[in-house]
Amino acid sequence: MDAIVKDLAQVNADLQEQKERAESVDFKIITFSLAGKDYGVDIMNVKEIAKADKFTFVPNAASFVRGVYNLRGDIIPIIDLRTFFHLPQDKKADGQENMLILRINDQVYGTIVDKIDKVVGINHESIQPPHPIFGDINIKYISGVVEKQGDLYIILDVVRIFAISEETKKDRGRVSDAADYFVPAAAKPAEVPEQQAVTADTTLDFIKESLSALKHFIVSPLNDIWLNKRFADWRVDRTDSDLQLRNVADADDFLGTFASPCTNTFWDEDYAATIKNILPNISSNTVQVWNFGCGKGYESYSFACILKSRYPNAHIKVWANDSDIMAISQAPNMVFDLEEVPKYCHPYMVQGKNGYSFNQVIKEAIVFEYHDVLNENPLPDLDIILARDILSYFPVADQNRLVDDFSEKMKDQGLVILGKNEEIFGTNWTAVSNDTISAFVHNA
C-alpha cells in the first residue's frame with residue numbers, strides 16, 4: 001500500500017513538473033500561415049516584418065525567387081515560401097505581399113507568406129519532433145511542432161532552408177537558391193519601393209505581443225500613451241536586435257516604469273498625503289469603497305487609515321478583493337514591527353504578544369474577501385474605487401466591461417483611482433491626475 005501511495009505521489013509530482021514546464025516561456029516564435037496551416041520561426045531569426053508589391057526580377061533565378069528588394073538601401077533576395085514548398089498561393093487583392101525579413105548568420109533574406117499572425121511564447125521542452133504527417137513540407141525543413149492554447153504550429157528550420165546542400169539542389173531540380181545571390185551595386189533598383197511597415201512599428205507590435213505572452217499585460221487605450229513613451233525611451237542606445245523582449249526578465253525591465261508607487265507595500269508618507277489631497281468631499285456619514293486586487297492587504301490598510309483621517313466622523317467600509325486565495329487569507333491577521341508601518345498609520349495600531357496589528361476600527365472597516373472581479377460584483381453604490389495597475393492585466397473586452405461596471409456602481413462625483421499610467425476615456429469621466437496618481441471623477 002505504501003508503495004502505491006509513493007507511486008501516486010511521484011505521478012502527481014511528475015504531472016506538476018510537466019505542467020510547470022509547459023507554462024513557462026523560454027522560447028518565442030513568430031507565427032504565420034501558408035496554405036491554411038500555421039507555422040512559426042524562431043523570433044531570433046526575424047529581423048522585422050514588412051509589406052511590399054514591387055520586386056526587381058533576377059534572370060535565371062530559381063522559380064521560388066520572386067526577385068530582389070531594396071530594404072532601406074540593402075538589396076536582399078525575396079523567396080516565396082509557398083512556391084518553395086509547392087503550396088497554393090493566397091493572392092492579395094491589393095498585390096501587397098506579407099514578408100518576414102530573416103537574418104540567417106550574416107545574411108538577410110525576405111520570405112513571402114500568406115499571413116503573419118503574432119508572437120507566441122512557448123517552453124522549448126514542449127516542442128515535439130516533426131512527423132511525416134505534416135505534409136506538404138519536407139520533414140527535414142521542420143525543426144518541430146508545438147501546441148499552444150489549442151493551436152498547432154509547425155516550426156520551420158529556416159537556417160537549414162537557407163543552407164541547402166548542392167546535393168539537395170540537384171534533387172530538387174533547381175539551379176540556385178537564395179544563398180547563391182549577390183547583386184552588384186549597378187544592378188540595384190533606381191527607386192526604393194515604398195515601405196508599408198516601419199521597423200519601429202513592427203517592433204512595437206512584437207513588444208505588445210511579448211508583454212501579453214510573458215506577463216499577461218494587455219496594451220489598450222487604457223495604457224497606450226505610457227507604452228509609446230516607454231518604447232521611445234527603450235529604443236535609446238539599443239540596436240534593432242536588442243529591442244525585442246526575449247524573456248520574462250526583459251518584459252519586467254520594460255514594465256519597470258509602469259507600476260504605481262508603493263506597490264505591494266505600505267504607502268509612504270508622501271504618497272499617502274498625495275492620495276489624501278485628491279479625495280472628494282463626501283457629505284454622507286458612510287464612505288463606501290471597493291479595492292480589488294488588494295493582494296496581502298498593505299494597500300487596503302494604508303487606504304483605510306487615510307480614509308479614517310480624511311473622514312474622521314464617517315463610517316468607513318472597504319470591500320477588499322483578490323483572486324489570490326493565499327494572500328487574501330493572510331491579510332486580516334497580519335502582524336508588524338512598528339518600524340515597518342508608516343507614521344500616519346500609528347494612531348490605528350495596537351500592540352499584541354507578537355507585535356503590532358491594526359485596531360478594531362480599521363479591521364472592522366475592511367472586509368477581505370476572495371473574489372474574481374470578472375464574476376458578478378454585488379456592491380452598493382460606491383464613493384471610491386481603488387484599482388491601481390489592475391485593469392491592464394485583463395483582456396481589452398474585460399477592461400471595457402469593468403469600466404462600464406465602475407460607471408454603474410459609482411455615485412455622482414465618485415472617484416476612481418487607477419495606476420499612475422492608466423487612463424479612462426469618456427465624457428462621463430473627468431481626470432484629476434498628477435505625476436504619481438491617475439484618478440477620475442464620475443459624472444453621472
# chains A, B, ... in the order shown; residues from 1 in each chain; ligands from 1
$ residues_around --residues "region 357-363 of chain A" --least-positions-apart "4" --cutoff "8 Å" --atoms "only C-alpha atoms" --output "list in words"
Tyr301, Ala304, Cys305, Pro332, Asn333, Met334, Val335, Phe336, Tyr348, Met349, Val350, Gln351, Gly352 and Val367 of chain A
$ residues_around --residues "region 211-228 of chain A" --least-positions-apart "6" --cutoff "6 Å" --atoms "only C-alpha atoms" --output "PyMOL selection string"
chain A and resi 121+248+392-393+421-423
$ residues_around --residues "Ala35 (chain A)" --least-positions-apart "3" --cutoff "7 Å" --atoms "only C-alpha atoms" --output "number ranges by chain"
A: 87-89
$ write_last_selection --atoms "C-alpha atoms" --output "short mmCIF file (atom, residue, chain, number, x, y, z; two decimals), in the first residue's frame"
data_model
loop_
_atom_site.label_atom_id
_atom_site.label_comp_id
_atom_site.auth_asym_id
_atom_site.auth_seq_id
_atom_site.Cartn_x
_atom_site.Cartn_y
_atom_site.Cartn_z
CA LEU A 87 1.93 25.18 -51.96
CA PRO A 88 -1.04 27.10 -53.40
CA GLN A 89 -0.84 30.87 -53.12
#
$ residues_around --residues "Asp250 (chain A)" --least-positions-apart "3" --cutoff "12 Å" --atoms "only C-alpha atoms" --output "PyMOL selection string"
chain A and resi 26+207+210-211+214-215+234+242-247+253-256
$ select_by_dssp --residues "region 152-364 of chain A" --states "strand (DSSP E or B)" --output "list in words"
Leu152, Tyr153, Ile154, Ile155, Leu156, Thr286, Val287, Gln288, Val289, Trp290, Asn291, Phe292, His315, Ile316, Lys317, Val318, Trp319, Ala320, Asn321, Asp322, Phe336, Met349, Val350, Gln351, Tyr356, Ser357 and Phe358 of chain A
$ residues_around --residues "Leu152 (chain A)" --least-positions-apart "5" --cutoff "12 Å" --atoms "only C-alpha atoms" --output "ChimeraX atom specification"
/A:31-33,37-40,120,122,126-128,130,134,144-147
$ residues_around --residues "Asp157 (chain A)" --least-positions-apart "4" --cutoff "10 Å" --atoms "only C-alpha atoms" --output "list in words"
Gly40, Val41, Asp42, Ile139, Lys140, Tyr141, Ile142, Ser143, Gly144, Ile161 and Phe162 of chain A
$ residues_around --residues "region 98-108 of chain A" --least-positions-apart "5" --cutoff "7 Å" --atoms "only C-alpha atoms" --output "PyMOL selection string"
chain A and resi 45-51+76+113-116+159
$ write_last_selection --atoms "N, CA and C atoms" --output "compact mmCIF listing (two decimals), in the first residue's frame"
# COMPACT_ATOMS: atom_id res chain seq x y z
N ASN A 45 15.56 34.75 -35.36
CA ASN A 45 15.93 34.84 -36.78
C ASN A 45 15.13 35.89 -37.53
N VAL A 46 14.18 36.55 -36.86
CA VAL A 46 13.32 37.53 -37.52
C VAL A 46 13.86 38.93 -37.27
N LYS A 47 14.19 39.60 -38.34
CA LYS A 47 14.68 40.98 -38.23
C LYS A 47 13.52 41.96 -38.14
N GLU A 48 12.50 41.76 -38.97
CA GLU A 48 11.32 42.62 -38.98
C GLU A 48 10.28 42.00 -39.89
N ILE A 49 9.11 42.63 -39.96
CA ILE A 49 8.10 42.24 -40.95
C ILE A 49 7.82 43.45 -41.84
N ALA A 50 7.32 43.18 -43.04
CA ALA A 50 7.07 44.27 -43.98
C ALA A 50 6.03 43.83 -45.00
N LYS A 51 5.55 44.80 -45.77
CA LYS A 51 4.68 44.53 -46.91
C LYS A 51 5.29 45.19 -48.13
N ILE A 76 18.17 42.72 -50.92
CA ILE A 76 18.02 41.38 -50.35
C ILE A 76 17.20 40.50 -51.31
N VAL A 113 4.94 35.07 -47.20
CA VAL A 113 3.99 34.12 -46.60
C VAL A 113 2.58 34.65 -46.82
N ASP A 114 1.58 33.84 -46.52
CA ASP A 114 0.19 34.28 -46.71
C ASP A 114 -0.22 35.34 -45.71
N LYS A 115 0.03 35.07 -44.43
CA LYS A 115 -0.43 35.97 -43.37
C LYS A 115 0.51 35.84 -42.18
N ILE A 116 0.90 36.98 -41.62
CA ILE A 116 1.72 36.99 -40.40
C ILE A 116 0.79 37.22 -39.22
N VAL A 159 17.27 28.12 -40.86
CA VAL A 159 18.72 28.04 -41.09
C VAL A 159 19.02 26.95 -42.11
$ atom_distance --atom1 "CA of Leu374 (chain A)" --atom2 "CA of Leu402 (chain A)"
7.8 Å
$ select_by_dssp --residues "region 192-379 of chain A" --states "alpha helix (DSSP H)" --output "ChimeraX atom specification"
/A:199-215,224-235,248-254,269-278,298-310,325-330,360-365
$ closest_residue --among "A:Cys294, A:Leu338, A:Ala431, A:Val373" --to "Asp398 (chain A)" --atoms "only C-alpha atoms"
A:Val373
$ closest_residue --among "A:Leu81, A:Ala251, A:Cys262, A:Ile29" --to "Ile154 (chain A)" --atoms "only C-alpha atoms"
A:Ile29
